[in-house]
>>> print(open('structure.txt').read())   # compact mmCIF, C-alpha atoms
# COMPACT_ATOMS: atom_id res chain seq x y z
CA MET A 1 -20.30 25.79 14.91
CA THR A 2 -19.54 24.74 18.49
CA GLY A 3 -16.15 23.51 19.68
CA VAL A 4 -17.51 19.97 19.99
CA ALA A 5 -18.82 19.99 16.41
CA VAL A 6 -15.52 21.36 15.08
CA VAL A 7 -13.51 18.61 16.84
CA LEU A 8 -16.01 15.96 15.70
CA LEU A 9 -15.90 17.09 12.05
CA THR A 10 -12.13 17.62 12.00
CA THR A 11 -11.30 14.20 13.46
CA PHE A 12 -13.91 12.56 11.18
CA LEU A 13 -12.41 14.07 8.02
CA ALA A 14 -8.77 13.56 9.04
CA SER A 15 -9.48 9.96 10.11
CA ALA A 16 -11.48 9.32 6.93
CA VAL A 17 -8.37 10.06 4.82
CA GLU A 18 -6.41 7.39 6.73
CA ALA A 19 -9.38 5.00 6.67
CA VAL A 20 -9.63 5.31 2.87
CA GLU A 21 -5.98 4.24 2.59
CA MET A 22 -6.63 1.30 4.95
CA VAL A 23 -9.79 0.08 3.17
CA THR A 24 -8.18 0.52 -0.29
CA ILE A 25 -5.35 -1.84 0.67
CA VAL A 26 -7.66 -4.39 2.31
CA LEU A 27 -10.10 -4.33 -0.62
CA GLY A 28 -7.36 -4.70 -3.23
CA VAL A 29 -5.53 -7.49 -1.41
CA GLY A 30 -8.75 -9.37 -0.66
CA ALA A 31 -10.01 -9.20 -4.24
CA THR A 32 -6.63 -10.26 -5.62
CA ARG A 33 -5.50 -12.93 -3.15
CA GLY A 34 -8.72 -14.11 -1.50
CA TRP A 35 -10.69 -12.96 1.53
CA ARG A 36 -9.97 -15.57 4.22
CA ALA A 37 -6.34 -14.62 4.93
CA THR A 38 -7.08 -10.94 4.26
CA PHE A 39 -9.83 -10.84 6.90
CA ALA A 40 -7.56 -12.77 9.28
CA GLY A 41 -4.94 -10.04 8.75
CA VAL A 42 -7.56 -7.34 9.36
CA GLY A 43 -8.72 -9.08 12.55
CA ALA A 44 -5.16 -9.52 13.84
CA GLY A 45 -4.39 -5.89 12.99
CA LEU A 46 -7.46 -4.62 14.83
CA LEU A 47 -6.56 -6.79 17.84
CA VAL A 48 -3.02 -5.38 17.97
CA LEU A 49 -4.45 -1.86 17.59
CA ALA A 50 -6.89 -2.40 20.44
CA VAL A 51 -4.11 -3.69 22.72
CA VAL A 52 -1.82 -0.75 21.81
CA VAL A 53 -4.58 1.85 22.32
CA VAL A 54 -5.66 0.36 25.66
CA ALA A 55 -2.06 -0.08 26.87
CA PHE A 56 -0.74 3.34 25.85
CA GLY A 57 -3.87 5.49 25.86
CA LEU A 58 -2.99 9.17 25.84
CA ALA A 59 0.74 8.31 25.85
CA LEU A 60 0.29 7.38 22.16
CA ARG A 61 1.16 10.99 21.32
CA ALA A 62 4.71 10.34 22.50
CA THR A 63 5.18 7.26 20.31
CA PRO A 64 7.46 8.03 17.33
CA ILE A 65 5.45 7.07 14.22
CA GLY A 66 8.28 8.02 11.85
CA PRO A 67 10.23 4.73 12.14
CA LEU A 68 6.99 2.75 11.77
CA ARG A 69 6.08 4.68 8.60
CA LEU A 70 9.59 4.10 7.22
CA ILE A 71 9.59 0.32 7.84
CA ILE A 72 6.03 -0.39 6.68
CA GLY A 73 6.27 2.07 3.79
CA THR A 74 9.51 0.50 2.53
CA LEU A 75 8.06 -3.03 2.74
CA LEU A 76 4.88 -1.99 0.90
CA LEU A 77 6.90 -0.10 -1.73
CA ILE A 78 9.19 -3.04 -2.52
CA PHE A 79 6.34 -5.57 -2.44
CA GLY A 80 4.04 -3.26 -4.44
CA LEU A 81 6.68 -2.98 -7.17
CA GLN A 82 6.57 -6.76 -7.64
CA TRP A 83 2.82 -6.61 -8.38
CA PHE A 84 3.33 -3.44 -10.43
CA ARG A 85 5.76 -5.25 -12.76
CA LYS A 86 3.74 -8.50 -12.88
CA GLY A 87 0.57 -6.48 -13.53
CA VAL A 88 2.16 -4.58 -16.43
CA ARG A 89 3.34 -7.87 -18.01
CA ARG A 90 -0.03 -9.61 -17.54
CA VAL A 91 -2.16 -6.70 -18.77
CA ALA A 92 0.23 -6.25 -21.73
CA ALA A 93 -0.13 -9.97 -22.53
CA HIS A 94 -3.96 -9.96 -22.34
CA GLY A 95 -4.38 -6.53 -23.90
CA LEU A 96 -7.88 -5.16 -24.35
CA ALA A 97 -9.22 -8.71 -24.37
CA GLY A 98 -7.82 -9.01 -20.86
CA LEU A 99 -9.74 -5.95 -19.79
CA ARG A 100 -12.97 -7.64 -20.88
CA MET A 101 -12.13 -10.98 -19.25
CA ARG A 102 -14.25 -11.98 -16.29
CA ALA A 103 -12.42 -12.51 -13.00
CA ALA A 104 -13.47 -16.16 -13.01
CA ASP A 105 -11.70 -16.71 -16.38
CA GLU A 106 -8.28 -15.81 -14.99
CA PRO A 107 -6.04 -17.89 -12.74
CA SER A 108 -6.05 -16.85 -9.10
CA GLU A 109 -2.93 -15.10 -7.78
CA TRP A 110 -2.97 -17.49 -4.81
CA THR A 111 -3.56 -21.16 -5.62
CA GLY A 112 -1.76 -22.82 -2.70
CA GLU A 113 -3.56 -25.09 -0.27
CA GLY A 114 -2.18 -23.56 2.92
CA PHE A 115 -2.75 -20.21 4.51
CA ASP A 116 -1.91 -17.16 2.35
CA TRP A 117 0.54 -15.34 4.63
CA THR A 118 1.24 -12.69 2.00
CA ALA A 119 -2.39 -11.51 2.06
CA PHE A 120 -2.38 -11.73 5.86
CA VAL A 121 0.78 -9.60 6.25
CA LEU A 122 -0.34 -6.97 3.71
CA ALA A 123 -3.76 -6.53 5.33
CA PHE A 124 -2.25 -6.62 8.84
CA LYS A 125 0.31 -3.91 8.06
CA GLY A 126 -2.25 -1.67 6.36
CA VAL A 127 -4.66 -1.91 9.29
CA VAL A 128 -2.01 -1.42 12.00
CA LEU A 129 -0.30 1.59 10.38
CA GLU A 130 -3.46 3.41 9.30
CA GLY A 131 -5.27 2.46 12.51
CA LEU A 132 -2.41 3.90 14.56
CA GLU A 133 -2.54 7.09 12.50
CA VAL A 134 -6.28 7.37 13.23
CA ALA A 135 -5.51 6.82 16.95
CA PHE A 136 -2.83 9.56 16.85
CA ILE A 137 -5.25 11.97 15.14
CA VAL A 138 -7.99 11.25 17.70
CA VAL A 139 -5.65 11.62 20.71
CA SER A 140 -3.90 14.74 19.33
CA PHE A 141 -7.08 16.61 18.34
CA GLY A 142 -9.02 15.39 21.37
CA VAL A 143 -6.42 16.29 24.00
CA ASN A 144 -5.38 19.61 22.42
CA ALA A 145 -9.04 20.73 22.16
CA GLY A 146 -9.98 19.23 25.53
CA GLN A 147 -12.68 17.20 23.70
CA LEU A 148 -11.47 13.59 23.73
CA GLY A 149 -15.00 12.10 23.64
CA PRO A 150 -16.13 13.82 20.41
CA ALA A 151 -12.71 13.10 18.87
CA VAL A 152 -13.09 9.36 19.59
CA ILE A 153 -16.62 9.41 18.10
CA GLY A 154 -15.33 11.24 14.98
CA GLY A 155 -12.46 8.76 14.48
CA VAL A 156 -14.60 5.64 15.01
CA ALA A 157 -17.40 7.03 12.80
CA ALA A 158 -14.89 7.62 9.97
CA LEU A 159 -13.62 4.03 10.20
CA VAL A 160 -17.18 2.61 10.23
CA VAL A 161 -18.42 4.76 7.32
CA ILE A 162 -15.39 4.10 5.09
CA ALA A 163 -15.43 0.36 5.95
CA ALA A 164 -19.14 0.24 5.01
CA ILE A 165 -18.41 1.95 1.68
CA GLY A 166 -15.59 -0.57 1.12
CA ALA A 167 -17.91 -3.49 1.89
CA ALA A 168 -20.48 -2.10 -0.57
CA LEU A 169 -17.81 -1.85 -3.28
CA ARG A 170 -16.48 -5.37 -2.64
CA GLY A 171 -18.76 -7.05 -5.18
CA LEU A 172 -17.85 -4.48 -7.82
CA VAL A 173 -14.10 -4.87 -7.23
CA THR A 174 -14.22 -8.68 -7.53
CA GLN A 175 -15.68 -8.28 -11.06
CA ILE A 176 -12.43 -6.65 -12.25
CA PRO A 177 -10.06 -9.03 -14.09
CA ARG A 178 -7.28 -10.19 -11.77
CA SER A 179 -4.47 -9.05 -14.07
CA LEU A 180 -5.85 -5.51 -14.09
CA LEU A 181 -6.63 -5.69 -10.37
CA GLN A 182 -3.08 -6.87 -9.61
CA LEU A 183 -1.72 -3.90 -11.57
CA MET A 184 -4.04 -1.44 -9.79
CA VAL A 185 -3.21 -2.81 -6.32
CA GLY A 186 0.51 -2.83 -7.22
CA ILE A 187 0.28 0.84 -8.24
CA LEU A 188 -1.61 1.72 -5.03
CA LEU A 189 0.86 -0.14 -2.77
CA THR A 190 3.77 1.51 -4.60
CA THR A 191 2.11 4.92 -4.21
CA PHE A 192 1.39 4.57 -0.47
CA GLY A 193 4.76 2.87 0.11
CA THR A 194 6.64 5.74 -1.57
CA PHE A 195 4.68 8.33 0.40
CA TRP A 196 4.98 6.67 3.81
CA SER A 197 8.64 5.63 3.54
CA LEU A 198 9.75 9.18 2.68
CA GLU A 199 7.46 10.66 5.34
CA GLY A 200 9.14 8.25 7.77
CA LEU A 201 12.50 9.75 6.77
CA GLY A 202 11.16 13.21 7.63
CA VAL A 203 10.94 14.35 4.00
CA ALA A 204 8.39 17.11 3.44
CA TRP A 205 6.16 16.33 0.45
CA PRO A 206 5.02 19.26 -1.68
CA ALA A 207 1.23 19.61 -1.15
CA GLY A 208 1.32 17.30 1.89
CA ASP A 209 -1.14 14.38 1.54
CA GLY A 210 -2.02 15.74 -1.93
CA ALA A 211 1.32 14.30 -3.10
CA ILE A 212 -0.36 10.86 -2.98
CA LEU A 213 -2.49 11.88 -5.99
CA GLY A 214 0.60 13.13 -7.82
CA LEU A 215 2.44 9.85 -7.19
CA LEU A 216 -0.64 7.89 -8.28
CA ALA A 217 -0.81 9.86 -11.55
CA LEU A 218 2.93 9.33 -12.19
CA TYR A 219 2.73 5.56 -11.61
CA LEU A 220 -0.49 5.20 -13.69
CA LEU A 221 1.24 7.02 -16.56
CA THR A 222 4.31 4.81 -16.11
CA ALA A 223 2.17 1.64 -16.23
CA ALA A 224 0.27 2.81 -19.34
CA THR A 225 3.56 3.67 -21.07
CA PHE A 226 5.21 0.32 -20.34
CA ILE A 227 2.07 -1.67 -21.26
CA THR A 228 2.12 0.06 -24.65
CA ILE A 229 5.86 -0.61 -25.08
CA GLU A 230 5.51 -4.28 -24.03
CA ARG A 231 2.62 -4.83 -26.44
CA ARG A 232 4.51 -3.16 -29.26
CA HIS A 233 7.49 -5.46 -28.68
CA ALA A 234 5.38 -8.60 -28.31
CA PHE A 235 2.74 -8.11 -30.99
CA GLY A 236 3.98 -5.27 -33.17
CA TYR A 237 1.00 -3.33 -31.80
CA SER A 238 0.89 0.40 -32.13
CA PRO A 239 -1.83 2.84 -31.12
CA GLY A 240 -4.39 3.19 -33.87
CA THR A 241 -3.86 -0.30 -35.33
CA MET B 1 14.27 -30.40 13.19
CA PHE B 2 10.74 -28.97 13.12
CA LEU B 3 12.06 -25.65 14.40
CA LEU B 4 14.78 -25.57 11.72
CA SER B 5 12.34 -26.26 8.87
CA TRP B 6 9.95 -23.67 10.32
CA LEU B 7 12.76 -21.10 10.48
CA ILE B 8 13.79 -21.86 6.89
CA GLY B 9 10.17 -21.53 5.74
CA PHE B 10 9.77 -18.30 7.71
CA GLY B 11 12.96 -16.84 6.20
CA ARG B 12 11.93 -17.94 2.71
CA PHE B 13 8.52 -16.28 3.10
CA TRP B 14 10.07 -12.95 4.05
CA TYR B 15 12.68 -13.20 1.28
CA ASP B 16 9.94 -13.86 -1.31
CA PHE B 17 7.77 -11.15 0.24
CA ILE B 18 10.43 -8.44 0.34
CA ILE B 19 12.87 -9.33 -2.42
CA GLY B 20 10.73 -11.36 -4.83
CA ASP B 21 12.00 -12.35 -8.26
CA ASP B 22 14.33 -9.38 -8.83
CA TRP B 23 16.64 -8.42 -5.96
CA THR B 24 18.06 -5.44 -7.86
CA VAL B 25 14.71 -3.58 -7.48
CA ALA B 26 14.76 -3.94 -3.68
CA ALA B 27 18.46 -2.94 -3.59
CA ALA B 28 17.85 0.15 -5.74
CA ILE B 29 14.92 1.26 -3.56
CA LEU B 30 16.94 0.83 -0.35
CA ALA B 31 19.87 2.74 -1.89
CA GLY B 32 17.46 5.49 -2.96
CA LEU B 33 16.04 5.77 0.55
CA ILE B 34 19.53 5.99 2.08
CA VAL B 35 20.60 8.71 -0.39
CA THR B 36 17.31 10.56 0.22
CA ALA B 37 17.91 10.44 3.99
CA ILE B 38 21.44 11.84 3.55
CA LEU B 39 20.30 14.63 1.20
CA ASN B 40 17.34 15.47 3.45
CA SER B 41 19.60 15.73 6.51
CA ARG B 42 21.72 18.27 4.58
CA GLY B 43 18.68 20.37 3.70
CA VAL B 44 18.57 19.30 0.02
CA THR B 45 15.09 18.75 -1.51
CA ALA B 46 15.06 15.04 -2.32
CA TRP B 47 11.42 13.84 -2.42
CA TRP B 48 11.68 13.28 -6.19
CA LEU B 49 14.53 10.73 -6.03
CA VAL B 50 12.62 7.58 -4.98
CA PRO B 51 9.75 8.11 -7.50
CA VAL B 52 12.37 8.48 -10.26
CA ILE B 53 14.11 5.27 -9.10
CA VAL B 54 10.74 3.47 -9.10
CA VAL B 55 10.07 4.43 -12.74
CA VAL B 56 13.63 3.57 -13.85
CA MET B 57 13.65 0.20 -12.03
CA VAL B 58 10.27 -0.81 -13.49
CA ALA B 59 11.76 -0.15 -16.95
CA VAL B 60 15.00 -2.03 -16.19
CA SER B 61 13.22 -4.99 -14.60
CA LEU B 62 10.66 -5.31 -17.42
CA ARG B 63 13.43 -5.13 -20.02
CA ARG B 64 15.39 -7.85 -18.19
CA ALA B 65 12.28 -10.04 -17.91
CA GLY B 66 11.60 -9.53 -21.62
CA ARG B 67 15.08 -10.81 -22.51
CA THR B 68 14.65 -13.98 -20.47
>>> encode(input="structure.txt", output="structure tokens")
Amino acid sequence: MTGVAVVLLTTFLASAVEAVEMVTIVLGVGATRGWRATFAGVGAGLLVLAVVVVAFGLALRATPIGPLRLIIGTLLLIFGLQWFRKGVRRVAAHGLAGLRMRAADEPSEWTGEGFDWTAFVLAFKGVVLEGLEVAFIVVSFGVNAGQLGPAVIGGVAALVVIAAIGAALRGLVTQIPRSLLQLMVGILLTTFGTFWSLEGLGVAWPAGDGAILGLLALYLLTAATFITIERRHAFGYSPGT
Amino acid sequence: MFLLSWLIGFGRFWYDFIIGDDWTVAAAILAGLIVTAILNSRGVTAWWLVPVIVVVMVAVSLRRAGRT
């Protein structure tokens, strides 16, 4: 494989990991809170990204991303925990019937008449942080290998491919009951928030990015445990009955 | 007057966004991050602390909500 192909593939794969995190947040927030404010947040985030990339260019490598990870990670962690707890309570209340409910049968998380700033801020932060990480990957790989052009193509291609996959999954995600979706998004925000905030502090995770899967498994197990406990308290339910 | 009401609304949005309905969860997470930073600066492995606090605070908060 040539040097160009190696840089192209490496930046594509590394950027795809960040793009998956970005699209997961946007998809979850949009399906839970509505698309108008979510897309506005995505658009504003992309605009800020474009301005930052054009203004700083190759100097992006010198920008400390640690403090940004810490601030955004902490905000997502604390906010995600709110949805985590609400999701556990709502799924516990609906039980298995809730899992079979259609999205249209459940009240929307956002019913206000004005603009949903919560959805806007969540989507904006996800796009800006992950977009910056993609930009750092592209600049770092590209400059170090002396192949900035292929690195830019690899990074942009990853964003386009993952965004297209996200768009294709959008219809499927909106079919999920909102209580379950709120729980899933809460778990994902808590997972990414935990990972980013500690990375921002300079903590080394065992297994690197693989720790995200470990955190996800821990929080899924936690949610399943507390849903069972809540249902047992509320309805006298126990597994097998 | 408009500016004041806008500032109050802005502050309320961020309070609801960050703190939400249970301020003890946000406080516990911030305390956990501070302790993690201190331990990490002294070379102590501390990545496990915040995930443990998350699990404990979900339990505490759900129990409190169940009582009310």
>>> closest_atom_pairs(input="structure.txt", of="chain B", to="chain A", cutoff="7 Å", atoms="all atoms listed in the file", output="CSV")
residue,atom,partner,partner_atom,distance
B:Phe17,CA,A:Phe79,CA,6.4
B:Ile18,CA,A:Phe79,CA,5.7
B:Gly20,CA,A:Gln82,CA,6.8
B:Ala26,CA,A:Ile78,CA,5.8
B:Ala37,CA,A:Leu201,CA,6.1
B:Asn40,CA,A:Val203,CA,6.5
B:Trp47,CA,A:Val203,CA,6.5
B:Val55,CA,A:Thr222,CA,6.7
B:Val58,CA,A:Arg85,CA,6.4
B:Leu62,CA,A:Arg85,CA,6.8
>>> atom_distance(input="structure.txt", atom1="atom CA of Ala123 of chain A", atom2="atom CA of Gly41 of chain A")
5.0 Å
>>> atom_distance(input="structure.txt", atom1="atom CA of Leu8 of chain A", atom2="atom CA of Ala164 of chain A")
19.3 Å
>>> residues_around(input="structure.txt", residues="Thr36 of chain B", least_positions_apart="4", cutoff="7 Å", atoms="all atoms listed in the file", output="ChimeraX atom specification")
/B:32,40,46,49
>>> atom_distance(input="structure.txt", atom1="atom CA of Ile53 of chain B", atom2="atom CA of Gly214 of chain A")
15.7 Å
>>> closest_residue(input="structure.txt", among="A:Leu216, A:Val185, A:Leu180, A:Arg33", to="Ala93 of chain A", atoms="only C-alpha atoms")
A:Leu180
>>> residues_around(input="structure.txt", residues="Glu133 of chain A", least_positions_apart="6", cutoff="9 Å", atoms="only C-alpha atoms", output="list in words")
Ser15, Glu18 and Ile65 of chain A
>>> build_atoms(input="structure.txt", residues="segment 24-58 of chain B", atoms="N, CA and C atoms", output="mmCIF file, keeping the file's coordinate frame")
data_model
loop_
_atom_site.group_PDB
_atom_site.id
_atom_site.type_symbol
_atom_site.label_atom_id
_atom_site.label_comp_id
_atom_site.auth_asym_id
_atom_site.auth_seq_id
_atom_site.Cartn_x
_atom_site.Cartn_y
_atom_site.Cartn_z
ATOM 1 N N THR B 24 17.476 -6.751 -7.529
ATOM 2 C CA THR B 24 18.060 -5.440 -7.860
ATOM 3 C C THR B 24 17.050 -4.307 -7.595
ATOM 4 N N VAL B 25 15.733 -4.612 -7.736
ATOM 5 C CA VAL B 25 14.710 -3.580 -7.480
ATOM 6 C C VAL B 25 14.738 -3.189 -6.005
ATOM 7 N N ALA B 26 14.731 -4.215 -5.123
ATOM 8 C CA ALA B 26 14.760 -3.940 -3.680
ATOM 9 C C ALA B 26 16.037 -3.188 -3.299
ATOM 10 N N ALA B 27 17.178 -3.588 -3.896
ATOM 11 C CA ALA B 27 18.460 -2.940 -3.590
ATOM 12 C C ALA B 27 18.448 -1.478 -4.028
ATOM 13 N N ALA B 28 17.895 -1.230 -5.222
ATOM 14 C CA ALA B 28 17.850 0.150 -5.740
ATOM 15 C C ALA B 28 16.957 1.035 -4.861
ATOM 16 N N ILE B 29 15.821 0.482 -4.410
ATOM 17 C CA ILE B 29 14.920 1.260 -3.560
ATOM 18 C C ILE B 29 15.602 1.591 -2.225
ATOM 19 N N LEU B 30 16.249 0.580 -1.627
ATOM 20 C CA LEU B 30 16.940 0.830 -0.350
ATOM 21 C C LEU B 30 18.044 1.868 -0.522
ATOM 22 N N ALA B 31 18.810 1.757 -1.626
ATOM 23 C CA ALA B 31 19.870 2.740 -1.890
ATOM 24 C C ALA B 31 19.268 4.135 -2.058
ATOM 25 N N GLY B 32 18.134 4.205 -2.757
ATOM 26 C CA GLY B 32 17.460 5.490 -2.960
ATOM 27 C C GLY B 32 17.003 6.109 -1.653
ATOM 28 N N LEU B 33 16.491 5.259 -0.743
ATOM 29 C CA LEU B 33 16.040 5.770 0.550
ATOM 30 C C LEU B 33 17.220 6.278 1.387
ATOM 31 N N ILE B 34 18.342 5.558 1.319
ATOM 32 C CA ILE B 34 19.530 5.990 2.080
ATOM 33 C C ILE B 34 20.036 7.340 1.551
ATOM 34 N N VAL B 35 20.130 7.447 0.212
ATOM 35 C CA VAL B 35 20.600 8.710 -0.390
ATOM 36 C C VAL B 35 19.633 9.848 -0.054
ATOM 37 N N THR B 36 18.315 9.542 -0.112
ATOM 38 C CA THR B 36 17.310 10.560 0.220
ATOM 39 C C THR B 36 17.488 11.033 1.665
ATOM 40 N N ALA B 37 17.723 10.085 2.580
ATOM 41 C CA ALA B 37 17.910 10.440 3.990
ATOM 42 C C ALA B 37 19.120 11.351 4.163
ATOM 43 N N ILE B 38 20.211 11.023 3.444
ATOM 44 C CA ILE B 38 21.440 11.840 3.550
ATOM 45 C C ILE B 38 21.187 13.249 3.007
ATOM 46 N N LEU B 39 20.573 13.314 1.803
ATOM 47 C CA LEU B 39 20.300 14.630 1.200
ATOM 48 C C LEU B 39 19.362 15.448 2.072
ATOM 49 N N ASN B 40 18.322 14.774 2.615
ATOM 50 C CA ASN B 40 17.340 15.470 3.450
ATOM 51 C C ASN B 40 17.986 16.038 4.714
ATOM 52 N N SER B 41 18.934 15.267 5.287
ATOM 53 C CA SER B 41 19.600 15.730 6.510
ATOM 54 C C SER B 41 20.490 16.940 6.238
ATOM 55 N N ARG B 42 20.887 17.117 4.949
ATOM 56 C CA ARG B 42 21.720 18.270 4.580
ATOM 57 C C ARG B 42 20.894 19.427 4.017
ATOM 58 N N GLY B 43 19.562 19.291 4.124
ATOM 59 C CA GLY B 43 18.680 20.370 3.700
ATOM 60 C C GLY B 43 18.420 20.422 2.203
ATOM 61 N N VAL B 44 18.796 19.330 1.469
ATOM 62 C CA VAL B 44 18.570 19.300 0.020
ATOM 63 C C VAL B 44 17.190 18.677 -0.252
ATOM 64 N N THR B 45 16.406 19.294 -1.141
ATOM 65 C CA THR B 45 15.090 18.750 -1.510
ATOM 66 C C THR B 45 15.289 17.432 -2.280
ATOM 67 N N ALA B 46 14.746 16.339 -1.713
ATOM 68 C CA ALA B 46 15.060 15.040 -2.320
ATOM 69 C C ALA B 46 13.835 14.132 -2.468
ATOM 70 N N TRP B 47 12.618 14.690 -2.336
ATOM 71 C CA TRP B 47 11.420 13.840 -2.420
ATOM 72 C C TRP B 47 11.257 13.203 -3.779
ATOM 73 N N TRP B 48 11.854 13.760 -4.821
ATOM 74 C CA TRP B 48 11.680 13.280 -6.190
ATOM 75 C C TRP B 48 12.520 12.037 -6.496
ATOM 76 N N LEU B 49 13.555 11.770 -5.673
ATOM 77 C CA LEU B 49 14.530 10.730 -6.030
ATOM 78 C C LEU B 49 13.913 9.328 -6.070
ATOM 79 N N VAL B 50 13.186 8.937 -5.020
ATOM 80 C CA VAL B 50 12.620 7.580 -4.980
ATOM 81 C C VAL B 50 11.591 7.357 -6.102
ATOM 82 N N PRO B 51 10.658 8.318 -6.362
ATOM 83 C CA PRO B 51 9.750 8.110 -7.500
ATOM 84 C C PRO B 51 10.496 7.915 -8.828
ATOM 85 N N VAL B 52 11.584 8.649 -9.021
ATOM 86 C CA VAL B 52 12.370 8.480 -10.260
ATOM 87 C C VAL B 52 12.980 7.075 -10.307
ATOM 88 N N ILE B 53 13.523 6.625 -9.161
ATOM 89 C CA ILE B 53 14.110 5.270 -9.100
ATOM 90 C C ILE B 53 13.045 4.214 -9.381
ATOM 91 N N VAL B 54 11.837 4.420 -8.852
ATOM 92 C CA VAL B 54 10.740 3.470 -9.100
ATOM 93 C C VAL B 54 10.499 3.329 -10.602
ATOM 94 N N VAL B 55 10.359 4.465 -11.301
ATOM 95 C CA VAL B 55 10.070 4.430 -12.740
ATOM 96 C C VAL B 55 11.224 3.764 -13.497
ATOM 97 N N VAL B 56 12.456 4.133 -13.161
ATOM 98 C CA VAL B 56 13.630 3.570 -13.850
ATOM 99 C C VAL B 56 13.723 2.065 -13.605
ATOM 100 N N MET B 57 13.507 1.625 -12.345
ATOM 101 C CA MET B 57 13.650 0.200 -12.030
ATOM 102 C C MET B 57 12.533 -0.643 -12.636
ATOM 103 N N VAL B 58 11.337 -0.076 -12.787
ATOM 104 C CA VAL B 58 10.270 -0.810 -13.490
ATOM 105 C C VAL B 58 10.716 -1.050 -14.932
#
